[in-house]
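A.B. asks: Have a peek at data-v8.txt (compact mmCIF, C-alpha atoms).
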# COMPACT_ATOMS: atom_id res chain seq x y z
CA THR A 21 -18.89 -37.98 19.75
CA ILE A 22 -18.77 -34.27 18.89
CA VAL A 23 -14.97 -34.30 18.74
CA ASP A 24 -14.86 -37.48 16.70
CA GLY A 25 -17.32 -36.02 14.18
CA SER A 26 -15.38 -32.79 13.76
CA ASP A 27 -13.60 -31.96 10.51
CA SER A 28 -10.74 -30.52 12.56
CA MET A 29 -8.00 -32.91 13.63
CA VAL A 30 -7.81 -33.29 17.42
CA LEU A 31 -4.68 -35.02 18.76
CA VAL A 32 -3.62 -35.74 22.33
CA VAL A 33 -0.18 -36.76 23.61
CA ASP A 34 0.71 -37.77 27.15
CA ALA A 35 3.43 -36.25 29.28
CA HIS A 36 5.99 -38.55 27.63
CA GLY A 37 5.09 -37.58 24.06
CA ARG A 38 3.12 -40.74 23.25
CA TRP A 39 -0.18 -40.80 21.41
CA LEU A 40 -2.98 -40.74 23.96
CA ALA A 41 -5.97 -40.10 21.67
CA PHE A 42 -7.00 -38.71 18.30
CA ASN A 43 -10.29 -38.30 16.51
CA ARG A 44 -11.31 -39.76 13.16
CA ALA A 45 -10.17 -36.70 11.15
CA ALA A 46 -6.76 -36.82 12.84
CA ARG A 47 -6.38 -40.55 12.17
CA HIS A 48 -7.04 -40.05 8.46
CA GLY A 49 -4.94 -36.90 8.32
CA LEU A 50 -1.97 -38.56 9.98
CA VAL A 51 -2.15 -41.39 7.49
CA ASP A 52 -1.76 -38.83 4.71
CA VAL A 53 1.11 -37.09 6.47
CA LEU A 54 2.98 -40.08 7.96
CA GLY A 55 2.04 -42.72 5.44
CA ALA A 56 0.81 -45.09 8.16
CA GLU A 57 -1.99 -45.14 10.70
CA PRO A 58 -0.80 -44.03 14.14
CA ARG A 59 -1.43 -46.22 17.17
CA ILE A 60 -2.19 -45.28 20.75
CA GLY A 61 1.02 -45.48 22.80
CA ASP A 62 3.37 -44.89 19.85
CA ASP A 63 6.03 -42.17 20.06
CA ALA A 64 4.33 -39.08 18.58
CA PHE A 65 7.48 -36.98 18.53
CA GLY A 66 9.52 -39.62 16.80
CA ALA A 67 6.90 -39.91 14.07
CA PHE A 68 7.36 -36.27 13.07
CA GLY A 69 10.99 -35.79 14.07
CA GLU A 70 12.43 -33.91 17.02
CA ASP A 71 13.07 -30.75 14.99
CA SER A 72 9.65 -30.55 13.38
CA ALA A 73 7.35 -27.61 14.06
CA TRP A 74 4.69 -30.02 15.30
CA THR A 75 7.06 -31.52 17.89
CA ARG A 76 8.21 -28.09 19.07
CA ALA A 77 4.58 -26.99 19.46
CA SER A 78 3.77 -30.13 21.42
CA ARG A 79 6.75 -29.65 23.73
CA ASP A 80 5.68 -26.04 24.35
CA ALA A 81 2.23 -27.30 25.35
CA LEU A 82 3.79 -29.96 27.61
CA ALA A 83 5.75 -27.16 29.25
CA GLY A 84 2.48 -25.41 30.06
CA ARG A 85 2.43 -22.86 27.26
CA ASP A 86 -0.47 -22.13 24.89
CA GLY A 87 0.19 -21.20 21.31
CA SER A 88 -0.55 -21.55 17.63
CA LEU A 89 1.38 -21.85 14.38
CA SER A 90 1.03 -22.71 10.71
CA ILE A 91 2.63 -25.81 9.20
CA ASP A 92 3.07 -26.47 5.49
CA VAL A 93 2.90 -30.13 4.48
CA GLY A 94 3.35 -30.50 0.76
CA ALA A 95 0.81 -28.25 -0.94
CA ARG A 96 -1.40 -28.03 2.17
CA THR A 97 -1.25 -25.49 4.98
CA TYR A 98 -2.42 -26.45 8.47
CA GLU A 99 -3.14 -24.11 11.36
CA VAL A 100 -2.30 -25.71 14.71
CA THR A 101 -3.54 -24.59 18.11
CA PHE A 102 -1.93 -26.30 21.10
CA ARG A 103 -2.85 -26.29 24.79
CA PRO A 104 -1.51 -28.09 27.87
CA LEU A 105 -3.62 -30.97 29.18
CA ARG A 106 -3.77 -31.01 32.98
CA GLU A 107 -4.75 -33.57 35.55
CA ALA A 108 -7.50 -32.85 38.07
CA ASP A 109 -4.89 -31.68 40.60
CA GLY A 110 -3.47 -29.16 38.12
CA THR A 111 -0.30 -31.06 37.26
CA GLY A 112 0.76 -31.50 33.67
CA GLY A 113 -0.71 -34.53 32.03
CA GLY A 114 0.12 -34.00 28.38
CA ALA A 115 -1.00 -31.77 25.56
CA TYR A 116 -3.78 -31.56 23.01
CA LEU A 117 -3.63 -30.02 19.57
CA VAL A 118 -6.36 -28.94 17.18
CA VAL A 119 -5.28 -28.94 13.53
CA VAL A 120 -7.34 -27.23 10.82
CA ASP A 121 -6.65 -27.55 7.10
CA ALA A 122 -6.57 -23.87 6.11
CA THR A 123 -5.41 -24.35 2.52
CA GLU A 124 -8.68 -23.39 0.82
CA ARG A 125 -9.30 -20.44 3.13
CA LEU A 126 -5.77 -19.09 2.68
CA ASP A 127 -5.99 -19.62 -1.08
CA GLU A 128 -9.26 -17.68 -1.09
CA GLN A 129 -7.63 -14.89 0.94
CA ARG A 130 -4.75 -14.77 -1.53
CA ARG A 131 -7.21 -14.58 -4.42
CA LEU A 132 -9.06 -11.76 -2.68
CA ARG A 133 -5.81 -9.87 -2.06
CA GLN A 134 -4.84 -10.32 -5.71
CA ALA A 135 -8.28 -9.13 -6.80
CA GLU A 136 -8.02 -6.09 -4.50
CA ALA A 137 -4.54 -5.32 -5.84
CA SER A 138 -5.84 -5.59 -9.41
CA LEU A 139 -8.77 -3.31 -8.53
CA ARG A 140 -6.45 -0.72 -6.96
CA GLN A 141 -4.24 -0.89 -10.05
CA ALA A 142 -7.25 -0.41 -12.32
CA GLN A 143 -8.48 2.51 -10.21
CA ALA A 144 -5.03 4.10 -10.30
CA TYR A 145 -4.93 3.70 -14.08
CA GLU A 146 -8.41 5.20 -14.38
CA THR A 147 -7.36 8.15 -12.21
CA GLU A 148 -4.22 8.72 -14.28
CA GLU A 149 -6.24 8.43 -17.48
CA ARG A 150 -8.72 11.04 -16.25
CA TYR A 151 -5.82 13.28 -15.27
CA ARG A 152 -4.25 12.83 -18.75
CA LEU A 153 -7.52 13.63 -20.52
CA ALA A 154 -8.12 16.67 -18.30
CA VAL A 155 -4.63 17.94 -19.11
CA LEU A 156 -5.30 17.52 -22.83
CA ALA A 157 -8.69 19.22 -22.61
CA THR A 158 -7.66 22.34 -20.71
CA ASN A 159 -6.14 25.51 -22.15
CA ASP A 160 -4.23 26.15 -18.92
CA ALA A 161 -0.54 25.38 -18.52
CA VAL A 162 -0.69 22.34 -16.23
CA TRP A 163 2.36 21.47 -14.15
CA ASP A 164 3.19 18.40 -12.03
CA TRP A 165 5.92 19.11 -9.48
CA ARG A 166 7.67 16.10 -7.88
CA LEU A 167 8.98 17.54 -4.63
CA ALA A 168 11.60 14.89 -3.87
CA ASP A 169 13.86 15.86 -6.79
CA ASP A 170 12.34 19.23 -7.82
CA HIS A 171 11.29 17.81 -11.21
CA VAL A 172 8.37 19.48 -13.02
CA VAL A 173 6.40 18.09 -15.98
CA TRP A 174 4.40 20.50 -18.16
CA ASN A 175 1.62 20.04 -20.71
CA ARG A 176 1.68 21.52 -24.22
CA ALA A 177 -0.04 24.73 -23.08
CA LEU A 178 3.30 25.98 -21.72
CA HIS A 179 4.28 26.39 -25.37
CA THR A 180 0.95 27.57 -26.80
CA LEU A 181 0.43 30.18 -24.06
CA PHE A 182 3.97 31.31 -23.28
CA GLY A 183 6.14 30.03 -26.12
CA HIS A 184 8.40 27.79 -24.06
CA GLU A 185 9.22 24.67 -26.08
CA ARG A 186 9.75 22.20 -23.26
CA GLY A 187 7.86 19.44 -21.48
CA GLU A 188 10.03 19.22 -18.36
CA SER A 189 11.95 21.60 -16.13
CA SER A 190 13.07 22.16 -12.59
CA ALA A 191 11.08 24.19 -10.09
CA GLN A 192 13.93 26.70 -10.12
CA TRP A 193 13.39 27.26 -13.86
CA TRP A 194 9.78 28.20 -13.11
CA LEU A 195 10.85 30.56 -10.31
CA ASP A 196 13.46 32.19 -12.54
CA HIS A 197 10.70 33.07 -15.03
CA ILE A 198 8.58 34.87 -12.43
CA ASP A 199 8.93 38.66 -12.42
CA PRO A 200 11.57 39.58 -9.78
CA GLY A 201 9.05 41.83 -8.07
CA ASP A 202 6.69 38.87 -7.49
CA ARG A 203 9.19 36.04 -7.07
CA VAL A 204 9.98 36.29 -3.34
CA ALA A 205 6.33 36.50 -2.28
CA VAL A 206 5.29 33.57 -4.52
CA GLU A 207 8.10 31.34 -3.27
CA ARG A 208 7.35 32.23 0.36
CA GLU A 209 3.61 31.60 0.04
CA ILE A 210 3.90 28.28 -1.82
CA HIS A 211 6.41 26.85 0.67
CA ALA A 212 4.24 28.02 3.58
CA VAL A 213 1.48 25.76 2.22
CA ILE A 214 3.79 22.80 1.57
CA ASP A 215 5.68 22.99 4.87
CA GLY A 216 2.63 23.97 6.92
CA GLY A 217 0.50 20.95 5.98
CA GLY A 218 -1.79 22.87 3.66
CA ALA A 219 -3.68 21.36 0.76
CA SER A 220 -3.91 24.17 -1.82
CA TRP A 221 -2.29 27.39 -2.95
CA SER A 222 -3.17 30.13 -5.43
CA GLY A 223 -1.50 33.33 -6.48
CA GLU A 224 -1.26 35.96 -9.20
CA TYR A 225 2.09 37.02 -10.67
CA ARG A 226 3.82 37.99 -13.90
CA PHE A 227 5.43 35.13 -15.85
CA ARG A 228 8.09 35.69 -18.52
CA ARG A 229 7.28 34.40 -21.99
CA ALA A 230 9.87 32.92 -24.34
CA ASP A 231 10.06 36.26 -26.24
CA GLY A 232 10.95 38.13 -23.03
CA SER A 233 7.57 39.79 -22.48
CA TYR A 234 5.52 39.09 -19.36
CA ALA A 235 2.09 37.50 -19.00
CA ASP A 236 -0.27 38.09 -16.07
CA VAL A 237 -1.20 34.65 -14.70
CA LEU A 238 -3.40 33.13 -12.03
CA ASP A 239 -1.72 29.98 -10.70
CA ARG A 240 -3.45 27.34 -8.54
CA GLY A 241 -1.86 24.23 -7.03
CA THR A 242 -2.91 21.23 -4.93
CA VAL A 243 -0.52 19.33 -2.63
CA LEU A 244 -0.60 15.52 -2.69
CA ARG A 245 0.56 13.90 0.55
CA ASP A 246 1.22 10.36 1.81
CA GLU A 247 -0.59 8.71 4.75
CA ASP A 248 1.80 10.41 7.19
CA GLY A 249 1.12 13.85 5.77
CA ASN A 250 4.44 14.21 3.95
CA ALA A 251 4.17 16.28 0.77
CA LEU A 252 4.98 14.19 -2.33
CA ARG A 253 3.73 16.15 -5.34
CA MET A 254 2.04 19.38 -6.21
CA ILE A 255 -0.17 19.64 -9.29
CA GLY A 256 -1.43 22.93 -10.59
CA ALA A 257 -2.48 25.04 -13.58
CA MET A 258 -1.50 28.51 -14.81
CA LEU A 259 -4.30 30.58 -16.36
CA ASP A 260 -3.17 33.41 -18.67
CA LEU A 261 -4.97 36.58 -17.54
CA SER A 262 -3.17 38.91 -19.96
CA GLU A 263 -6.10 39.42 -22.35
CA ARG A 264 -8.57 39.95 -19.53
CA LYS A 265 -6.22 42.41 -17.83
CA SER A 266 -5.81 44.32 -21.12
CA THR A 267 -9.59 44.45 -21.56
CA GLU A 268 -10.08 45.74 -18.01
CA THR A 269 -7.46 48.40 -18.57
CA ALA A 270 -9.12 49.48 -21.84
CA LEU A 271 -12.52 49.63 -20.15
CA ARG A 272 -11.15 51.77 -17.34
Using the file provided, produce a representation of the structure as C-alpha cells.
C.D. replies:
Amino acid sequence: TIVDGSDSMVLVVDAHGRWLAFNRAARHGLVDVLGAEPRIGDDAFGAFGEDSAWTRASRDALAGRDGSLSIDVGARTYEVTFRPLREADGTGGGAYLVVVDATERLDEQRRLRQAEASLRQAQAYETEERYRLAVLATNDAVWDWRLADDHVVWNRALHTLFGHERGESSAQWWLDHIDPGDRVAVEREIHAVIDGGGASWSGEYRFRRADGSYADVLDRGTVLRDEDGNALRMIGAMLDLSERKSTETALR
C-alpha cells in the first residue's frame, strides 16, 4: 500500500526481463513514456529497446550490481536507482527500479545556480566600481600590475604628480624610472614578496619625473592570488613625499 501510494515510480522485472510488478505511479508514467499501459509478463526490455539507458540499468541490476543514473525523456529528467532483487536463498530473482521525476528540482537548482552566478557578477561589478571610484578619488599614482604579461595600468595621477603622459606601461618601464641607487633593492624586495607567498609590500625610493628630476615616493602594493596561491596581480599606490621631505629638510 505504501509503495503503491508513492509518487515515485517503482518497477520490478524478473530474471528474464519481464514485467513482474509496478506501482500506480509507474503504470501512469510508463503510459506517458511508452504510449500504452504495460502488462505483467510483457517484455520490459523490448518496450524500451535493448540499447536504452533503462535497459542497461536493468541488466546491471540483474547481474547483481547496484547503481543509479539520470534519463532524459522529452523535456523531463528522471533519476533512476536500481537494485538486484534476490530470492530467499540469495540467488538472483530479478531487479527493481525506483524512478523519480527530478525535472522541477533540477530546474530549481539551475535557477539557483544562475541566480548565484548573477549575484557573483553583480558583486564583482560592485567591487570594480568601488576600485574605480577609489582610484579617481585618490591623489596617489595608482598602478595595477598584471603579472602574467608584465602589463601595468596607471591612473591619471601618474601625469599630475610626475608628468608622465601615459595610462599603460610595462613593469620594466617603472623599474627604469627608479633611481639606480634604489632600483636593485626595490626589485629584490618586491619579488621576495611575490615569490614568497606574501600579501603586501612597501618601500621608499626616488622616482624619475618626466622632466628628469627625481621625486621621493612611498610605494605600497598588495598581491592578489588565486585559490592555489599563485600571484595574479599586484595593485598599489605611489605617494609623493617630495614636499614633506623638503619641509623636513628646511625644519632641520
A.B. asks: Can you pull out every residue within 12 Å of Ala64 in chain A, counting all atoms listed in the file, but drop anything in the same chain fewer than 2 positions away, and send it as an MDAnalysis selection string?
C.D. replies: chainID A and resid 31:42 50 54 57:62 66:70 72 74:76 78:79 114:116
A.B. asks: Mind dumping the selected residues with C-alpha atoms as a CSV table (one decimal), keeping the file's coordinate frame?
C.D. replies:
chain,number,residue,atom,x,y,z
A,31,LEU,CA,-4.7,-35.0,18.8
A,32,VAL,CA,-3.6,-35.7,22.3
A,33,VAL,CA,-0.2,-36.8,23.6
A,34,ASP,CA,0.7,-37.8,27.2
A,35,ALA,CA,3.4,-36.2,29.3
A,36,HIS,CA,6.0,-38.6,27.6
A,37,GLY,CA,5.1,-37.6,24.1
A,38,ARG,CA,3.1,-40.7,23.2
A,39,TRP,CA,-0.2,-40.8,21.4
A,40,LEU,CA,-3.0,-40.7,24.0
A,41,ALA,CA,-6.0,-40.1,21.7
A,42,PHE,CA,-7.0,-38.7,18.3
A,50,LEU,CA,-2.0,-38.6,10.0
A,54,LEU,CA,3.0,-40.1,8.0
A,57,GLU,CA,-2.0,-45.1,10.7
A,58,PRO,CA,-0.8,-44.0,14.1
A,59,ARG,CA,-1.4,-46.2,17.2
A,60,ILE,CA,-2.2,-45.3,20.8
A,61,GLY,CA,1.0,-45.5,22.8
A,62,ASP,CA,3.4,-44.9,19.8
A,66,GLY,CA,9.5,-39.6,16.8
A,67,ALA,CA,6.9,-39.9,14.1
A,68,PHE,CA,7.4,-36.3,13.1
A,69,GLY,CA,11.0,-35.8,14.1
A,70,GLU,CA,12.4,-33.9,17.0
A,72,SER,CA,9.6,-30.6,13.4
A,74,TRP,CA,4.7,-30.0,15.3
A,75,THR,CA,7.1,-31.5,17.9
A,76,ARG,CA,8.2,-28.1,19.1
A,78,SER,CA,3.8,-30.1,21.4
A,79,ARG,CA,6.8,-29.6,23.7
A,114,GLY,CA,0.1,-34.0,28.4
A,115,ALA,CA,-1.0,-31.8,25.6
A,116,TYR,CA,-3.8,-31.6,23.0
A.B. asks: Using all atoms listed in the file, which of A:Leu105, A:Ala122, A:Ala219, A:Val173 sits nearest Val93 in chain A?
C.D. replies: A:Ala122
A.B. asks: Any idea what the distance is between CA of Arg140 in chain A and CA of Gly249 in chain A?
C.D. replies: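 Computing the Euclidean distance for CA of Arg140 in chain A and CA of Gly249 in chain A yields 20.8 Å.
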A.B. asks: Nearest to Phe182 in chain A among A:Leu238, A:Leu117, A:Ile214, A:Met258, with distances taken over all atoms listed in the file: which residue is it?
C.D. replies: A:Met258
A.B. asks: From the list A:Ala137, A:Val237, A:Ile198, A:Val172, which residue is nearest Ser222 in chain A when using all atoms listed in the file?
C.D. replies: A:Val237
A.B. asks: What's the separation between CA of Asp164 in chain A and CA of Arg245 in chain A, in Å to one decimal place?
C.D. replies: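 CA of Arg245 in chain A lies 13.6 Å from CA of Asp164 in chain A.
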A.B. asks: Of the candidates A:Gly25, A:Gly241, A:Gly201, A:Gly84, which shows the shortest atom-to-atom distance to Trp163 in chain A, using all atoms listed in the file?
C.D. replies: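 Counting all atoms listed in the file, the residue closest to Trp163 in chain A is A:Gly241.
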A.B. asks: Using only C-alpha atoms for the distances, tell me which of A:Glu107, A:Asp260, A:Asp24, A:Glu99 is nearest to Val120 in chain A.
C.D. replies: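 Closest to Val120 in chain A, using only C-alpha atoms: A:Glu99.
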A.B. asks: Considering all atoms listed in the file, return as a ChimeraX atom specification whatever protein or nucleic-acid residues lie within 12 Å of Arg125 in chain A, sequence-local ones (same chain, fewer than 5 positions apart) excluded.
C.D. replies: /A:96-99,120,130-132
A.B. asks: Taking all atoms listed in the file into account, which of A:Arg186, A:Leu181, A:Asp169, A:Ala161 comes nearest Ile255 in chain A?
C.D. replies: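 Of A:Arg186, A:Leu181, A:Asp169, A:Ala161, the one nearest Ile255 in chain A is A:Ala161, counting all atoms listed in the file.
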A.B. asks: Give me, please, the distance in Å between CA of Glu224 in chain A and CA of Ser266 in chain A, quoted to one decimal.
C.D. replies: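 According to the coordinates, CA of Glu224 in chain A and CA of Ser266 in chain A are separated by 15.3 Å.
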A.B. asks: Got a sec: who's within 7 Å of range 193-197 of chain A, counting all atoms listed in the file, leaving out chain neighbours fewer than 4 positions off, as a PDB file with C-alpha atoms, keeping the file's coordinate frame?
C.D. replies:
ATOM      1  CA  SER A 189      11.950  21.600 -16.130  1.00  0.00           C
ATOM      2  CA  ARG A 203       9.190  36.040  -7.070  1.00  0.00           C
ATOM      3  CA  PHE A 227       5.430  35.130 -15.850  1.00  0.00           C
ATOM      4  CA  ARG A 228       8.090  35.690 -18.520  1.00  0.00           C
TER       5      ARG A 228
END
A.B. asks: Can you pull out every residue within 7 Å of range 229-231 of chain A, counting all atoms listed in the file, but drop anything in the same chain fewer than 4 positions away, and send it as number ranges by chain?
C.D. replies: A: 182-184, 235
A.B. asks: Need to verify the contact set: Asp202 in chain A, 9 Å, only C-alpha atoms, exclusion of same-chain residues closer than 5 positions in sequence. Can you return it as a list in words?
C.D. replies: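 Surrounding residues, per the criterion: Glu207, Glu224, Tyr225 and Arg226 of chain A.
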